[in-house]
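S.K.: Please find one structure pasted underneath; my questions will follow.
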Amino acid sequence: MAPRAVPVSKLRARRRQRRVILAVSAAVVLLVVIAGAFGLTWLPGIRIHTVVVTGAVSVPTQEIEDTVRTNLVGTYGFIVPKNNALVYPAGMIARQVLEKFPAIASVTTKRTSLTSLTVAVVERTPIARW
């Protein structure tokens with residue numbers, strides 16, 4: 001028995017159906033991978049819980065720590081927490097500390113582990129006292 005010839009229109013319809021199924025499957029897989037990645041950002045093992053301030057003499061370390069902690073509250077776009085160790089707002093923390101405490105010359109933030117952050121401050125040297 002000879003193979004039956006399939007009309008061109010049916011063959012095109014089958015190919016198109018396969019392409020649509022493949023595209024929908026790929027979109028679903030991509031969506032699951034992205035949702036999983038965002039879900040992993042909420043794991044407690046990669047969120048900053050401890051803030052250590054070093055180098056502060058005249059400025060109380062507790063006030064600097066409170067300023068840092070206020071910057072670690074909230075989320076980016078209601079999805080990723082700001083206290084995630086991989087995407088914490090280092091620039092914003094440094095800017096806020098410098099604005100709030102004029103006695104501080106520079107601020108450096110460094111993640112010491114996945115759950116702790118060290119904020120090193122350098123205070124200005126006073127030239128004269130009133």
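If you're wondering about the labels, chains in the structure tokens are A, B, ... by order shown, residues count from 1 in each chain, ligands from 1 in order shown.
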Got a sec: who's within 9 Å of Ile64 in chain A, counting only C-alpha atoms, leaving out chain neighbours fewer than 2 positions off, as a list in words?

M.R.: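 My reading of the contact set: Val53, Ala56, Val59, Pro60, Thr61, Gln62, Asp66, Thr67, Val68, Arg69, Val97, Lys100, Phe101 and Val119 of chain A.
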
S.K.: With a distance cut-off of 12 Å and only C-alpha atoms, select the neighbouring residues of Ala94 in chain A, excluding the residue or stretch itself and same-chain residues fewer than 2 positions from it, and output the selection as a list in words.

M.R.: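 Near neighbours after the sequence-gap exclusion: Ile64, Glu65, Thr67, Val68, Asn71, Tyr88, Pro89, Ala90, Gly91, Met92, Gln96, Val97, Leu98, Glu99, Lys100, Phe101, Ile104, Ala105, Ser106, Val107, Thr108, Thr109, Lys110, Thr118, Val119, Ala120, Val121 and Val122 of chain A.
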
S.K.: Please identify which residues in chain A DSSP calls alpha helix (DSSP H) from the backbone, and express them as a PyMOL selection string.

M.R.: chain A and resi 8-40+61-71+90-100

S.K.: Identify which of the residues A:Ser113, A:Val29, A:Pro3, A:Leu11 lies closest to Arg47 in chain A, counting only C-alpha atoms when measuring atom-to-atom distances.

M.R.: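 Closest residue, counting only C-alpha atoms: A:Ser113.
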
S.K.: Using DSSP on the backbone coordinates, identify all residues within range 2-80 of chain A classified as strand (DSSP E); present the result as number ranges by chain.

M.R.: A: 50-54, 75-76, 80

S.K.: A:Gly36, A:Ala128, A:Val87, A:Thr112: which is nearest Thr75 in chain A, counting only C-alpha atoms?

M.R.: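 Checking each candidate against Thr75 in chain A, we get A:Val87 as the closest.
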
S.K.: What is the distance, in Å and to one decimal place, between CA of Pro44 in chain A and CA of Leu31 in chain A?

M.R.: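 We find that CA of Pro44 in chain A and CA of Leu31 in chain A lie 23.1 Å from each other.
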
S.K.: Which neighbours of Leu86 in chain A fall inside 10 Å, counting only C-alpha atoms, when residues of the same chain fewer than 2 positions from it are skipped, and could you give them as a ChimeraX atom specification?

M.R.: /A:41,46-48,82-84,88-89,111,114

S.K.: Report, in Å to a single decimal, how far apart CA of Glu63 in chain A and CA of Ala85 in chain A are.

M.R.: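 Interatomic distance here is 21.5 Å.
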
S.K.: Rank A:Val73, A:Leu117, A:Ile79, A:Ile127 by their smallest atom-to-atom distance to Val52 in chain A, using only C-alpha atoms, and report the top residue only.

M.R.: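 Of the candidates, the smallest distance to Val52 in chain A is held by A:Leu117.
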
S.K.: Expressed in Å to a single decimal, how great is the separation between CA of Arg14 in chain A and CA of Val28 in chain A?

M.R.: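 These two atoms are separated by 21.1 Å.
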
S.K.: Can you tell me which residues surround Pro126 in chain A at a distance of at most 12 Å, considering only C-alpha atoms, apart from same-chain residues fewer than 2 positions away, and format the answer as a list of chain:residue names?

M.R.: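 Surrounding residues, per the criterion: A:Ser58, A:Pro102, A:Ala103, A:Ile104, A:Ala105, A:Glu123, A:Arg124, A:Ala128, A:Arg129, A:Trp130.
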
S.K.: Could the residues in this selection be written to a file with all heavy atoms, as an mmCIF file, in the first residue's frame?

M.R.:
```
data_model
loop_
_atom_site.group_PDB
_atom_site.id
_atom_site.type_symbol
_atom_site.label_atom_id
_atom_site.label_comp_id
_atom_site.auth_asym_id
_atom_site.auth_seq_id
_atom_site.Cartn_x
_atom_site.Cartn_y
_atom_site.Cartn_z
ATOM 1 N N SER A 58 31.899 59.981 67.264
ATOM 2 C CA SER A 58 31.047 61.046 67.790
ATOM 3 C C SER A 58 29.570 60.837 67.434
ATOM 4 O O SER A 58 28.694 61.333 68.125
ATOM 5 C CB SER A 58 31.514 62.406 67.280
ATOM 6 O OG SER A 58 31.361 62.470 65.879
ATOM 7 N N PRO A 102 26.143 65.008 59.120
ATOM 8 C CA PRO A 102 27.175 65.814 58.464
ATOM 9 C C PRO A 102 28.579 65.554 59.017
ATOM 10 O O PRO A 102 29.569 65.883 58.373
ATOM 11 C CB PRO A 102 26.758 67.252 58.714
ATOM 12 C CG PRO A 102 25.508 67.227 59.480
ATOM 13 C CD PRO A 102 25.146 65.828 59.782
ATOM 14 N N ALA A 103 28.686 64.963 60.195
ATOM 15 C CA ALA A 103 29.997 64.689 60.787
ATOM 16 C C ALA A 103 30.695 63.504 60.115
ATOM 17 O O ALA A 103 31.870 63.258 60.357
ATOM 18 C CB ALA A 103 29.848 64.407 62.278
ATOM 19 N N ILE A 104 29.988 62.804 59.250
ATOM 20 C CA ILE A 104 30.560 61.635 58.572
ATOM 21 C C ILE A 104 31.078 62.048 57.206
ATOM 22 O O ILE A 104 30.368 62.680 56.417
ATOM 23 C CB ILE A 104 29.518 60.508 58.461
ATOM 24 C CG1 ILE A 104 29.148 60.019 59.861
ATOM 25 C CG2 ILE A 104 30.041 59.367 57.616
ATOM 26 C CD1 ILE A 104 28.073 58.974 59.891
ATOM 27 N N ALA A 105 32.324 61.668 56.918
ATOM 28 C CA ALA A 105 32.954 62.023 55.640
ATOM 29 C C ALA A 105 32.659 61.006 54.554
ATOM 30 O O ALA A 105 32.420 61.362 53.399
ATOM 31 C CB ALA A 105 34.461 62.166 55.816
ATOM 32 N N GLU A 123 34.629 59.442 59.996
ATOM 33 C CA GLU A 123 34.152 60.749 60.437
ATOM 34 C C GLU A 123 35.126 61.841 60.006
ATOM 35 O O GLU A 123 36.311 61.593 59.799
ATOM 36 C CB GLU A 123 33.990 60.759 61.954
ATOM 37 C CG GLU A 123 32.875 59.848 62.424
ATOM 38 C CD GLU A 123 32.607 59.973 63.903
ATOM 39 O OE1 GLU A 123 33.322 60.730 64.580
ATOM 40 O OE2 GLU A 123 31.665 59.316 64.376
ATOM 41 N N ARG A 124 34.607 63.038 59.881
ATOM 42 C CA ARG A 124 35.440 64.200 59.536
ATOM 43 C C ARG A 124 36.319 64.538 60.734
ATOM 44 O O ARG A 124 35.919 64.381 61.884
ATOM 45 C CB ARG A 124 34.574 65.386 59.194
ATOM 46 C CG ARG A 124 33.679 65.158 57.996
ATOM 47 C CD ARG A 124 32.879 66.407 57.685
ATOM 48 N NE ARG A 124 31.843 66.115 56.722
ATOM 49 C CZ ARG A 124 32.017 66.063 55.404
ATOM 50 N NH1 ARG A 124 33.213 66.298 54.903
ATOM 51 N NH2 ARG A 124 31.021 65.806 54.603
ATOM 52 N N ALA A 128 38.593 72.952 64.216
ATOM 53 C CA ALA A 128 38.530 73.851 65.365
ATOM 54 C C ALA A 128 37.239 73.573 66.129
ATOM 55 O O ALA A 128 36.273 73.093 65.575
ATOM 56 C CB ALA A 128 38.555 75.300 64.914
ATOM 57 N N ARG A 129 37.236 73.898 67.398
ATOM 58 C CA ARG A 129 36.045 73.737 68.209
ATOM 59 C C ARG A 129 35.592 75.111 68.692
ATOM 60 O O ARG A 129 36.401 75.959 69.014
ATOM 61 C CB ARG A 129 36.324 72.850 69.412
ATOM 62 C CG ARG A 129 36.539 71.423 69.031
ATOM 63 C CD ARG A 129 36.424 70.581 70.303
ATOM 64 N NE ARG A 129 36.693 69.194 69.979
ATOM 65 C CZ ARG A 129 35.767 68.276 69.885
ATOM 66 N NH1 ARG A 129 34.524 68.587 70.110
ATOM 67 N NH2 ARG A 129 36.084 67.050 69.593
ATOM 68 N N TRP A 130 34.327 75.331 68.795
ATOM 69 C CA TRP A 130 33.786 76.595 69.274
ATOM 70 C C TRP A 130 33.623 76.540 70.754
ATOM 71 O O TRP A 130 33.292 75.665 71.384
ATOM 72 C CB TRP A 130 32.430 76.884 68.628
ATOM 73 C CG TRP A 130 32.577 77.205 67.183
ATOM 74 C CD1 TRP A 130 32.477 76.351 66.148
ATOM 75 C CD2 TRP A 130 32.858 78.482 66.616
ATOM 76 N NE1 TRP A 130 32.657 77.008 64.974
ATOM 77 C CE2 TRP A 130 32.892 78.317 65.229
ATOM 78 C CE3 TRP A 130 33.072 79.759 67.138
ATOM 79 C CZ2 TRP A 130 33.141 79.348 64.355
ATOM 80 C CZ3 TRP A 130 33.306 80.783 66.252
ATOM 81 C CH2 TRP A 130 33.343 80.578 64.890
#
```
